[in-house]
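**Q** Got a structure here, written out as structure tokens. Questions coming.
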Amino acid sequence: MAPTRAELVARLQADVAETVSDGVALQEALADRLGLTTSDLRAITLLMRKGTVSTSELADAAGLTSGAATRMVDRLERANWVERFMDARDRRRVLVVLNKTRRGEIGEVYAEMSHSWMSALADKSDEELETVLEIFDRMRGVAREHAATLRGEA
């Protein structure tokens with residue numbers, strides 16, 4: 001007998017929770033390997049994706065207050081992970097960029113993971129991948145809404 005929709009949704013919810021937990025464990029292991037906190041790693045991941053970002057964007061990405069984000073940037077700058085400079089258009093705004101040498105260091109680790117992902121998904125069709133992407137988009141939206149509610153932002 002095929003599982004019911006309710007059973008499938010319950011299994012998906014359980015699998016997503018387990019995937020998130022596994023992802024957190026992976027982020028913790030990666031952060032430990034690089035001598036970072038998980039908040040540091042989230043900030044660095046944002047810098048890898050976007051290039052240059054403001055301190056307030058890093059605060060949002062890492063779930064930190066502006067003061068805590070400034071202290072994080074101080075720490076990352078001392079460890080040569082990032083460089084900071086004033087925005088030429090708005091001198092009140094501080095911008096942060098990932099140090100090129102460190103980008104290579106973390107890029108190697110991400111390249112290994114990317115290769116593993118490619119292998120794990122090699123037998124999936126484009127349509128299947130599009131469906132998974134849509135599901136993940138929806139689940140991220142739900143997670144963000146609930147996180148905002150828990151923080152009292154909604």
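Letters for chains follow the order of the structure tokens (A, B, ...), residue numbers begin at 1 for each chain, and ligand numbers begin at 1 in the order shown.
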Within 12 Å of Ala148 in chain A, counting only C-alpha atoms, which residues show up once you throw out same-chain ones fewer than 6 positions away? Write them as a tab-separated table (two decimals) with N, CA and C atoms, in the first residue's frame, please.

**A**
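Writing the result to result_23.tsv gives the following:
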chain	number	residue	atom	x	y	z
A	60	ASP	N	22.84	40.63	9.57
A	60	ASP	CA	21.60	39.94	9.21
A	60	ASP	C	21.87	38.47	8.88
A	63	GLY	N	22.78	36.56	12.00
A	63	GLY	CA	21.82	36.65	13.10
A	63	GLY	C	22.39	37.38	14.31
A	141	GLY	N	11.52	29.60	3.00
A	141	GLY	CA	10.58	30.68	3.30
A	141	GLY	C	9.86	30.43	4.61
A	142	VAL	N	9.41	29.20	4.79
A	142	VAL	CA	8.72	28.84	6.04
A	142	VAL	C	9.68	29.01	7.22
A	154	ALA	N	7.99	39.44	13.62
A	154	ALA	CA	6.80	39.38	12.76
A	154	ALA	C	5.54	39.72	13.52

**Q** Write out as a tab-separated table the residues of range 56-123 of chain A that have any atom within 12 Å of an atom of range 5-28 of chain A, one row each with the nearest atom pair and its distance in Å to one decimal, counting only C-alpha atoms, sorted by chain and then rising number.

**A**
residue	atom	partner	partner_atom	distance
A:Val109	CA	A:Gln27	CA	11.6
A:Tyr110	CA	A:Gln27	CA	11.2
A:Met113	CA	A:Leu26	CA	10.3

**Q** What is the CA of Arg140 in chain A-CA of Asn99 in chain A distance in Å, reported with one decimal?

**A** 29.1 Å

**Q** From a DSSP calculation on the backbone, collect every residue of chain A in strand (DSSP E) and output the set as a ChimeraX atom specification.

**A** /A:52-54,82-86,94-98

**Q** Among range 37-154 of chain A, which ones does DSSP place in helix (DSSP H, G or I), written as a PyMOL selection string?

**A** chain A and resi 38-50+55-62+66-78+100-121+126-150

**Q** List the spatial neighbours of Thr55 in chain A as a PyMOL selection string - criterion: any atom at most 7 Å away, only C-alpha atoms, same-chain residues fewer than 2 positions off excluded.

**A** chain A and resi 53+57-59+69-70+94-96

**Q** What does the distance from CA of Thr101 in chain A to CA of His115 in chain A come to in Å, to one decimal?

**A**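 Computed distance, CA of Thr101 in chain A to CA of His115 in chain A, equals 21.5 Å.
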
**Q** Would you mind reading off the distance between CA of Arg93 in chain A and CA of Asp74 in chain A, one decimal, in Å?

**A**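 Computed distance, CA of Arg93 in chain A to CA of Asp74 in chain A, equals 15.3 Å.
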
**Q** For each of A:Arg91, A:Val73, A:Thr65, A:Asp126, take the minimum atom-to-atom distance to Ile44 in chain A, counting only C-alpha atoms, then give the residue where this is smallest.

**A**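 Checking each candidate against Ile44 in chain A, we get A:Val73 as the closest.
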